[in-house]
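Student: For reference, this is final21.csv, and it has CSV, C-alpha atoms.
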```csv
chain,number,residue,atom,x,y,z
A,1,MET,CA,-21.5,16.7,-3.5
A,2,THR,CA,-19.4,17.9,-0.6
A,3,THR,CA,-16.0,16.2,0.0
A,4,PRO,CA,-15.2,15.0,3.5
A,5,ALA,CA,-12.3,16.9,5.1
A,6,ILE,CA,-10.2,13.8,5.4
A,7,ARG,CA,-10.6,13.1,1.7
A,8,GLN,CA,-9.6,16.7,1.0
A,9,VAL,CA,-6.4,16.2,2.9
A,10,GLN,CA,-5.8,12.9,1.2
A,11,THR,CA,-6.2,14.5,-2.2
A,12,ALA,CA,-3.8,17.3,-1.3
A,13,PHE,CA,-1.3,14.7,-0.1
A,14,LYS,CA,-1.7,12.8,-3.3
A,15,ALA,CA,-1.0,15.9,-5.4
A,16,LEU,CA,2.1,16.5,-3.3
A,17,ALA,CA,3.3,13.0,-3.8
A,18,GLU,CA,2.6,13.0,-7.6
A,19,ALA,CA,4.7,16.2,-7.9
A,20,ALA,CA,7.5,14.8,-5.9
A,21,LEU,CA,7.4,11.3,-7.5
A,22,PRO,CA,6.5,11.9,-11.2
A,23,ASP,CA,7.5,8.3,-12.2
A,24,TRP,CA,5.4,6.7,-9.5
A,25,THR,CA,1.8,5.5,-9.5
A,26,VAL,CA,0.1,7.2,-6.6
A,27,ALA,CA,-3.2,5.8,-5.4
A,28,ILE,CA,-5.8,6.4,-2.7
A,29,ASP,CA,-8.2,3.7,-1.7
A,30,ARG,CA,-6.1,1.0,-3.2
A,31,SER,CA,-6.8,-2.1,-1.2
A,32,ASP,CA,-4.9,-5.4,-1.2
A,33,ASP,CA,-7.6,-6.8,-3.3
A,34,GLU,CA,-6.2,-4.7,-6.2
A,35,PRO,CA,-2.5,-5.3,-6.3
A,36,PHE,CA,-0.2,-3.0,-8.2
A,37,SER,CA,1.0,-4.6,-11.4
A,38,PHE,CA,4.6,-4.7,-12.6
A,39,ASP,CA,3.9,-1.8,-15.0
A,40,GLU,CA,2.4,0.3,-12.3
A,41,ARG,CA,5.4,0.1,-10.0
A,42,PRO,CA,7.1,2.0,-8.5
A,43,ALA,CA,3.8,2.8,-6.7
A,44,LEU,CA,2.6,4.5,-3.6
A,45,ALA,CA,-0.6,3.7,-1.8
A,46,ILE,CA,-1.9,6.4,0.6
A,47,ARG,CA,-3.9,5.0,3.5
A,48,VAL,CA,-5.5,6.7,6.5
A,49,PRO,CA,-6.2,3.9,9.0
A,50,SER,CA,-7.2,6.2,11.9
A,51,VAL,CA,-8.0,9.8,12.8
A,52,GLN,CA,-8.1,11.0,16.4
A,53,LEU,CA,-10.6,13.7,17.1
A,54,ASP,CA,-10.6,16.0,20.0
A,55,THR,CA,-12.1,19.4,20.8
A,56,ALA,CA,-9.6,22.2,20.9
A,57,PRO,CA,-10.5,24.1,24.1
A,58,GLU,CA,-7.8,26.7,23.4
A,59,LEU,CA,-9.9,27.7,20.4
A,60,GLY,CA,-13.1,28.2,22.4
A,61,GLY,CA,-14.6,24.8,21.9
A,62,GLY,CA,-16.0,25.5,18.5
A,63,MET,CA,-13.3,23.5,16.6
A,64,THR,CA,-12.2,19.9,16.4
A,65,ARG,CA,-8.6,19.0,16.1
A,66,CYS,CA,-8.1,16.1,13.8
A,67,ARG,CA,-4.9,14.0,14.0
A,68,ALA,CA,-4.8,11.7,11.0
A,69,ALA,CA,-2.4,8.8,10.9
A,70,PHE,CA,-1.3,8.5,7.3
A,71,GLU,CA,0.4,5.2,6.2
A,72,LEU,CA,2.2,5.5,2.9
A,73,ASP,CA,3.0,2.1,1.3
A,74,PHE,CA,5.9,2.4,-1.1
A,75,HIS,CA,6.1,-0.5,-3.6
A,76,SER,CA,9.2,-1.1,-5.8
A,77,SER,CA,10.3,-3.8,-8.1
A,78,GLN,CA,13.5,-4.5,-6.3
A,79,THR,CA,14.3,-7.6,-4.2
A,80,SER,CA,13.4,-7.0,-0.6
A,81,GLY,CA,13.6,-9.2,2.5
A,82,GLU,CA,12.8,-7.4,5.7
A,83,THR,CA,14.7,-4.4,4.5
A,84,ILE,CA,14.0,-1.1,2.8
A,85,ASP,CA,15.4,-1.3,-0.7
A,86,GLU,CA,17.1,1.6,-2.4
A,87,ALA,CA,14.2,2.5,-4.8
A,88,ASN,CA,11.9,2.8,-1.8
A,89,GLN,CA,14.5,4.7,0.2
A,90,ARG,CA,14.8,7.2,-2.7
A,91,GLY,CA,11.0,7.6,-3.0
A,92,ILE,CA,10.6,8.1,0.7
A,93,ALA,CA,13.4,10.7,0.8
A,94,LEU,CA,11.9,12.6,-2.1
A,95,LEU,CA,8.5,12.7,-0.5
A,96,ILE,CA,9.9,13.8,2.9
A,97,ALA,CA,11.7,16.6,1.1
A,98,ALA,CA,8.4,17.7,-0.5
A,99,ILE,CA,6.6,17.5,2.9
A,100,GLY,CA,9.3,19.6,4.4
A,101,ALA,CA,8.8,22.2,1.8
A,102,ASP,CA,5.1,22.6,2.6
A,103,ARG,CA,4.0,21.2,6.0
A,104,THR,CA,0.6,22.8,5.7
A,105,LEU,CA,-0.5,21.1,2.4
A,106,GLY,CA,-1.4,24.3,0.8
A,107,GLY,CA,-2.7,26.0,4.0
A,108,ARG,CA,-5.0,23.2,4.9
A,109,CYS,CA,-3.1,21.7,7.8
A,110,GLU,CA,-1.5,22.8,11.0
A,111,ASN,CA,1.3,20.4,10.5
A,112,VAL,CA,2.4,17.4,8.5
A,113,GLU,CA,5.2,15.4,10.3
A,114,GLU,CA,6.9,12.2,9.2
A,115,GLN,CA,7.1,9.7,12.1
A,116,ALA,CA,8.7,6.4,11.1
A,117,ILE,CA,9.8,4.2,8.2
A,118,SER,CA,9.5,0.4,8.3
A,119,GLY,CA,10.4,-2.3,5.9
A,120,SER,CA,7.9,-5.1,5.0
A,121,GLU,CA,8.1,-8.1,7.2
A,122,LEU,CA,7.4,-10.3,4.2
A,123,ASP,CA,10.0,-11.5,1.8
A,124,GLY,CA,9.4,-10.4,-1.7
A,125,ALA,CA,11.4,-12.0,-4.4
A,126,THR,CA,10.5,-9.4,-7.0
A,127,VAL,CA,8.8,-6.7,-5.1
A,128,GLY,CA,9.7,-4.6,-2.0
A,129,CYS,CA,7.4,-2.6,0.3
A,130,ALA,CA,8.3,0.0,2.8
A,131,ILE,CA,5.8,2.0,4.9
A,132,LEU,CA,6.2,5.7,5.9
A,133,SER,CA,4.1,6.8,8.8
A,134,VAL,CA,3.1,10.5,8.7
A,135,ASP,CA,1.0,12.4,11.2
A,136,VAL,CA,-1.3,15.1,9.7
A,137,THR,CA,-3.0,17.6,12.0
A,138,PHE,CA,-5.9,19.8,10.7
A,139,TYR,CA,-9.0,21.5,12.1
A,140,THR,CA,-12.6,21.4,11.3
A,141,PRO,CA,-15.6,23.3,12.8
A,142,ARG,CA,-17.0,21.2,15.6
A,143,GLY,CA,-19.6,18.8,14.2
A,144,ASP,CA,-18.6,19.5,10.6
A,145,LEU,CA,-16.2,17.1,9.0
A,146,PHE,CA,-16.8,18.5,5.5
A,147,THR,CA,-15.0,21.8,6.1
A,148,ILE,CA,-11.3,22.4,6.9
A,149,VAL,CA,-10.3,25.5,8.8
A,150,GLY,CA,-6.9,26.1,7.5
A,151,VAL,CA,-4.0,28.5,8.1
A,152,GLY,CA,-5.3,32.0,8.9
A,153,GLY,CA,-8.9,30.8,9.1
A,154,GLN,CA,-9.1,30.0,5.4
A,155,ARG,CA,-11.9,27.5,4.8
A,156,PHE,CA,-11.6,24.6,2.5
A,157,THR,CA,-14.7,22.6,1.3
B,158,MET,CA,32.4,-47.5,-31.1
B,159,ALA,CA,31.9,-47.0,-27.4
B,160,ARG,CA,28.6,-48.1,-26.1
B,161,PRO,CA,26.4,-45.3,-24.8
B,162,THR,CA,26.0,-45.0,-21.1
B,163,LEU,CA,22.8,-44.4,-19.2
B,164,ASP,CA,24.0,-40.9,-18.7
B,165,ASP,CA,24.4,-40.4,-22.4
B,166,LEU,CA,20.9,-41.8,-23.0
B,167,THR,CA,19.4,-39.7,-20.3
B,168,ASP,CA,21.0,-36.5,-21.6
B,169,ARG,CA,19.6,-37.3,-25.1
B,170,LEU,CA,16.2,-38.0,-23.6
B,171,ASP,CA,16.4,-34.6,-21.8
B,172,GLN,CA,17.4,-32.9,-25.0
B,173,ALA,CA,14.5,-34.5,-27.0
B,174,THR,CA,12.0,-33.8,-24.3
B,175,VAL,CA,12.8,-30.1,-23.8
B,176,GLY,CA,13.2,-29.7,-27.5
B,177,SER,CA,9.6,-31.0,-28.1
B,178,LEU,CA,7.9,-29.7,-25.0
B,179,GLY,CA,9.9,-26.8,-23.7
B,180,ASP,CA,9.6,-23.1,-24.2
B,181,PRO,CA,12.0,-21.2,-26.5
B,182,VAL,CA,14.1,-18.8,-24.5
B,183,THR,CA,17.1,-16.6,-25.2
B,184,TYR,CA,19.9,-16.7,-22.7
B,185,GLN,CA,22.8,-14.3,-22.1
B,186,ASP,CA,25.5,-14.6,-19.6
B,187,ASN,CA,25.2,-10.9,-19.0
B,188,GLN,CA,23.1,-8.1,-20.5
B,189,TRP,CA,26.0,-7.1,-22.9
B,190,GLY,CA,27.0,-10.6,-24.0
B,191,PRO,CA,26.0,-12.7,-26.9
B,192,SER,CA,22.7,-14.5,-26.7
B,193,ILE,CA,21.9,-18.1,-27.5
B,194,SER,CA,18.6,-19.5,-28.4
B,195,ILE,CA,17.7,-22.6,-26.4
B,196,THR,CA,14.6,-24.3,-24.9
B,197,GLY,CA,13.7,-24.7,-21.3
B,198,PHE,CA,10.8,-25.6,-19.0
B,199,VAL,CA,9.1,-22.3,-18.0
B,200,ASP,CA,6.6,-21.9,-15.2
B,201,ALA,CA,5.6,-18.2,-15.6
B,202,ALA,CA,3.1,-17.8,-12.8
B,203,GLU,CA,2.5,-14.6,-10.9
B,204,LEU,CA,1.1,-14.1,-7.4
B,205,ALA,CA,-0.3,-11.2,-5.4
B,206,ARG,CA,2.1,-10.4,-2.7
B,207,ASP,CA,0.0,-9.0,0.2
B,208,PHE,CA,1.9,-6.6,2.5
B,209,GLY,CA,-1.0,-6.2,4.9
B,210,GLN,CA,-3.1,-3.3,3.6
B,211,SER,CA,-1.8,-3.1,0.0
B,212,ALA,CA,-0.5,-5.6,-2.4
B,213,SER,CA,1.6,-6.0,-5.5
B,214,VAL,CA,1.8,-8.6,-8.3
B,215,ALA,CA,5.0,-10.5,-8.0
B,216,ASP,CA,6.6,-12.9,-10.3
B,217,ASP,CA,6.7,-16.5,-9.3
B,218,LEU,CA,8.7,-17.6,-12.3
B,219,SER,CA,10.8,-20.7,-12.5
B,220,ILE,CA,12.8,-21.9,-15.4
B,221,LYS,CA,14.7,-25.2,-15.9
B,222,LEU,CA,17.6,-25.1,-18.3
B,223,ARG,CA,19.9,-27.9,-19.2
B,224,VAL,CA,23.4,-27.7,-17.8
B,225,SER,CA,24.7,-28.9,-21.2
B,226,ASP,CA,23.1,-25.8,-22.8
B,227,VAL,CA,24.4,-23.4,-20.1
B,228,PRO,CA,27.5,-25.0,-18.5
B,229,ALA,CA,28.4,-22.1,-16.2
B,230,ARG,CA,26.0,-21.4,-13.3
B,231,PRO,CA,23.8,-18.4,-14.2
B,232,THR,CA,24.4,-15.3,-12.1
B,233,ARG,CA,22.3,-12.3,-11.4
B,234,ASP,CA,23.9,-10.6,-14.4
B,235,ALA,CA,22.4,-13.2,-16.8
B,236,ARG,CA,19.4,-12.3,-18.8
B,237,ILE,CA,16.7,-14.8,-19.9
B,238,THR,CA,14.1,-13.7,-22.4
B,239,ILE,CA,10.9,-15.8,-22.8
B,240,THR,CA,10.4,-15.8,-26.5
B,241,ARG,CA,6.6,-16.2,-26.3
B,242,THR,CA,6.1,-13.2,-24.1
B,243,GLY,CA,9.2,-11.1,-24.8
B,244,LEU,CA,9.6,-10.5,-21.1
B,245,ILE,CA,13.1,-10.5,-19.7
B,246,TYR,CA,14.2,-12.0,-16.4
B,247,LYS,CA,17.3,-12.2,-14.2
B,248,PRO,CA,18.1,-15.2,-12.0
B,249,VAL,CA,17.5,-14.7,-8.3
B,250,GLU,CA,18.1,-18.2,-7.1
B,251,VAL,CA,20.0,-20.9,-9.1
B,252,LEU,CA,20.2,-24.5,-7.9
B,253,ARG,CA,21.3,-27.6,-9.6
B,254,ASP,CA,18.6,-30.3,-9.5
B,255,ALA,CA,19.1,-33.8,-8.1
B,256,SER,CA,20.2,-35.2,-11.4
B,257,GLY,CA,22.9,-32.5,-11.8
B,258,ARG,CA,21.8,-32.0,-15.4
B,259,TRP,CA,19.4,-29.1,-14.9
B,260,TRP,CA,19.6,-25.6,-13.5
B,261,SER,CA,16.4,-24.8,-11.5
B,262,ILE,CA,16.2,-21.0,-11.6
B,263,GLN,CA,13.9,-18.6,-9.8
B,264,ALA,CA,13.8,-15.4,-11.7
B,265,SER,CA,12.5,-11.9,-11.4
B,266,ARG,CA,11.4,-9.6,-14.2
B,267,VAL,CA,13.6,-6.7,-15.3
B,268,SER,CA,12.7,-3.8,-17.5
B,269,ALA,CA,13.5,-4.1,-21.2
```
Would you put the structure from the file into structure tokens?
Tutor:
Amino acid sequence: MTTPAIRQVQTAFKALAEAALPDWTVAIDRSDDEPFSFDERPALAIRVPSVQLDTAPELGGGMTRCRAAFELDFHSSQTSGETIDEANQRGIALLIAAIGADRTLGGRCENVEEQAISGSELDGATVGCAILSVDVTFYTPRGDLFTIVGVGGQRFT
Amino acid sequence: MARPTLDDLTDRLDQATVGSLGDPVTYQDNQWGPSISITGFVDAAELARDFGQSASVADDLSIKLRVSDVPARPTRDARITITRTGLIYKPVEVLRDASGRWWSIQASRVSA
């Protein structure tokens, strides 16, 4: 079964995060119906709430530029109250360093760029959450969201 | 012999009640200090803390310890081990109850 392009990018991002954060649980498709347990933390949930699609006229109209808004939820077991606790700060800094070392996710993407960090608005007596927003830009053939056209025209399926 | 006061009787009642119905815990003023074995009333609930699109299980643990067992107000450096589960907690919020004879403690779990 073919893998959607967005999922391919998510999987590559997950691998990047797991390498940068070996002591963390990294999850995709982890909803709030399945909370992270104490033993799973520190933990990172990778979410893609939206993807903007537009044709790339500069490429002859045969390609779609995909701009995925990644939201990365960092969960730690430190006390947090509308702030970004140190454990999450460290995790975020490590992941940003890994992103900086490979902004193409192994040649799949045009760019991966961190945008903002926000602390949870909820008080957590024993758990803290901070969200890192990252924009990921990649290309697919127009009408084909199963194939990534990466750096140098390399195709990923 | 002095006659017992109501305070004396209440304290003895507290001692008998927690001794019969309470949970055994181990208390340390700090993680390097000596530990004492006492009993307290433990409510070891958890709750799912929802941060919008993802969630984590958080402790909602509260413990009541007698001031006569722990005269000094517990600080964040203190460690409380619930004997039944073996889990270790540190005080996050410590308040004296209305009677003045109990510490009401909200606690968070720490790694062993």
Student: Taking all atoms listed in the file into account, which of A:Val136, A:Val151, A:Leu16, A:Ala27 comes nearest chain B?
Tutor: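 For chain B, the nearest of the candidates is A:Ala27.
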Student: May I ask which of the residues A:Asp54, A:Glu86, A:Asp29, A:Glu18 is the closest one to Gly143 (chain A), counting only C-alpha atoms?
Tutor: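 Among the listed residues, A:Asp54 lies closest to Gly143 (chain A).
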Student: Can I get the residues of chain B within 9 Å of chain A, each with the closest pair of atoms and their distance in Å to one decimal, using all atoms listed in the file, sorted chain first then ascending number, as a tab-separated table?
Tutor:
```
residue	atom	partner	partner_atom	distance
B:Ala205	CA	A:Pro35	CA	6.4
B:Arg206	CA	A:Gly124	CA	7.4
B:Asp207	CA	A:Asp32	CA	6.2
B:Phe208	CA	A:Ser120	CA	6.7
B:Gly209	CA	A:Asp32	CA	7.3
B:Gln210	CA	A:Asp32	CA	5.5
B:Ser211	CA	A:Asp32	CA	4.0
B:Ala212	CA	A:Pro35	CA	4.4
B:Ser213	CA	A:Pro35	CA	4.2
B:Val214	CA	A:Ser37	CA	5.1
B:Ala215	CA	A:Thr126	CA	5.7
B:Asp216	CA	A:Thr126	CA	6.2
B:Asp217	CA	A:Ala125	CA	8.1
B:Val249	CA	A:Ala125	CA	7.7
B:Gln263	CA	A:Ala125	CA	8.9
B:Ala264	CA	A:Thr126	CA	8.3
B:Ser265	CA	A:Thr126	CA	5.4
B:Arg266	CA	A:Thr126	CA	7.3
B:Val267	CA	A:Ser77	CA	8.4
```
Student: Work out how far apart CA of Ser118 (chain A) and CA of Lys14 (chain A) are and give it in Å to one decimal.
Tutor: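 Going from CA of Ser118 (chain A) over to CA of Lys14 (chain A), I get 20.3 Å.
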Student: Applying 10 Å and all atoms listed in the file, which residues near Ile6 (chain A) remain after dropping the ones on its own chain fewer than 2 positions away? List them as a compact mmCIF listing (two decimals) with C-alpha atoms, in the frame of the given file.
Tutor:
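Saved result, selection.txt, follows:
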```
# COMPACT_ATOMS: atom_id res chain seq x y z
CA THR A 3 -16.00 16.20 0.00
CA PRO A 4 -15.20 15.00 3.50
CA GLN A 8 -9.60 16.70 1.00
CA VAL A 9 -6.40 16.20 2.90
CA GLN A 10 -5.80 12.90 1.20
CA THR A 11 -6.20 14.50 -2.20
CA ALA A 12 -3.80 17.30 -1.30
CA VAL A 48 -5.50 6.70 6.50
CA VAL A 51 -8.00 9.80 12.80
CA CYS A 66 -8.10 16.10 13.80
CA ALA A 68 -4.80 11.70 11.00
CA VAL A 136 -1.30 15.10 9.70
CA PHE A 138 -5.90 19.80 10.70
CA THR A 140 -12.60 21.40 11.30
CA LEU A 145 -16.20 17.10 9.00
CA PHE A 146 -16.80 18.50 5.50
CA THR A 147 -15.00 21.80 6.10
CA ILE A 148 -11.30 22.40 6.90
```
Student: What is the distance, in Å and to one decimal place, between CA of Asn111 (chain A) and CA of Thr137 (chain A)?
Tutor: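 Between CA of Asn111 (chain A) and CA of Thr137 (chain A) the gap works out to 5.3 Å.
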Student: Neighbouring residues of Gln188 (chain B) were defined as those with any atom within 12 Å, considering all atoms listed in the file; residues of the same chain fewer than 6 positions away were excluded. Please report them as a PyMOL selection string.
Tutor: chain B and resi 232-238+245-247+267-269
Student: Within 9 Å of Asp135 (chain A), counting only C-alpha atoms, which residues show up once you throw out same-chain ones fewer than 3 positions away? Write them as a list in words, please.
Tutor: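 The neighbour list is Arg67, Ala68, Ala69, Phe70, Glu71, Asn111, Val112, Glu113, Glu114 and Gln115 of chain A.
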Student: By how many Å are CA of Pro141 (chain A) and CA of Thr64 (chain A) apart?
Tutor: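 These two atoms are separated by 6.0 Å.
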Student: Do a neighbour search on region 190-195 of chain B at 9 Å with all atoms listed in the file, toss out local chain neighbours closer than 2 positions, and write the hits as an NGL selection string.
Tutor: :B and (176 or 180-188 or 197 or 222 or 226 or 235-236)
Student: Using all atoms listed in the file, determine which residues lie at most 10 Å from Gly153 (chain A), disregarding the query and same-chain residues fewer than 5 positions distant; provide the list as a VMD selection string.
Tutor: chain A and resid 107 to 108 139 148
Student: Of the candidates A:Ala56, A:Leu132, A:Thr104, A:Met63, which one gets nearest to Ile84 (chain A) if we count only C-alpha atoms?
Tutor: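 Residue with the minimum atom-to-atom distance to Ile84 (chain A): A:Leu132.
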Student: Got a moment to write region 193-240 of chain B out with C-alpha atoms, as a short mmCIF file (atom, residue, chain, number, x, y, z; two decimals), in the first residue's frame?
Tutor:
```cif
data_model
loop_
_atom_site.label_atom_id
_atom_site.label_comp_id
_atom_site.auth_asym_id
_atom_site.auth_seq_id
_atom_site.Cartn_x
_atom_site.Cartn_y
_atom_site.Cartn_z
CA ILE B 193 10.27 7.77 59.24
CA SER B 194 7.38 5.35 58.78
CA ILE B 195 4.02 6.90 59.53
CA THR B 196 0.45 6.68 58.29
CA GLY B 197 -1.56 9.28 56.44
CA PHE B 198 -4.69 9.64 54.38
CA VAL B 199 -3.78 9.25 50.71
CA ASP B 200 -5.93 10.06 47.71
CA ALA B 201 -3.84 8.74 44.82
CA ALA B 202 -5.99 9.73 41.88
CA GLU B 203 -4.70 10.55 38.41
CA LEU B 204 -6.27 12.69 35.76
CA ALA B 205 -5.73 13.22 32.04
CA ARG B 206 -4.45 16.74 31.49
CA ASP B 207 -5.68 17.81 28.05
CA PHE B 208 -3.51 20.43 26.33
CA GLY B 209 -5.77 20.83 23.35
CA GLN B 210 -4.63 18.28 20.78
CA SER B 211 -2.57 15.97 22.99
CA ALA B 212 -2.77 14.97 26.61
CA SER B 213 -0.76 13.54 29.45
CA VAL B 214 -1.67 11.66 32.60
CA ALA B 215 -1.03 13.89 35.60
CA ASP B 216 -1.03 13.09 39.28
CA ASP B 217 -3.85 14.48 41.33
CA LEU B 218 -2.42 13.11 44.54
CA SER B 219 -3.23 14.51 47.94
CA ILE B 220 -1.94 13.34 51.29
CA LYS B 221 -2.92 14.33 54.80
CA LEU B 222 -0.24 13.89 57.45
CA ARG B 223 -0.50 14.69 61.14
CA VAL B 224 1.46 17.72 62.27
CA SER B 225 2.40 15.75 65.37
CA ASP B 226 4.12 13.22 63.08
CA VAL B 227 5.73 15.88 60.87
CA PRO B 228 6.17 19.03 62.97
CA ALA B 229 8.02 21.09 60.34
CA ARG B 230 6.13 22.19 57.25
CA PRO B 231 7.13 19.82 54.39
CA THR B 232 9.06 21.54 51.64
CA ARG B 233 9.64 20.65 47.99
CA ASP B 234 12.77 18.83 49.12
CA ALA B 235 10.75 16.34 51.17
CA ARG B 236 10.03 12.88 49.81
CA ILE B 237 6.94 10.84 50.58
CA THR B 238 6.84 7.19 49.55
CA ILE B 239 3.50 5.44 49.37
CA THR B 240 4.32 2.02 50.80
#
```
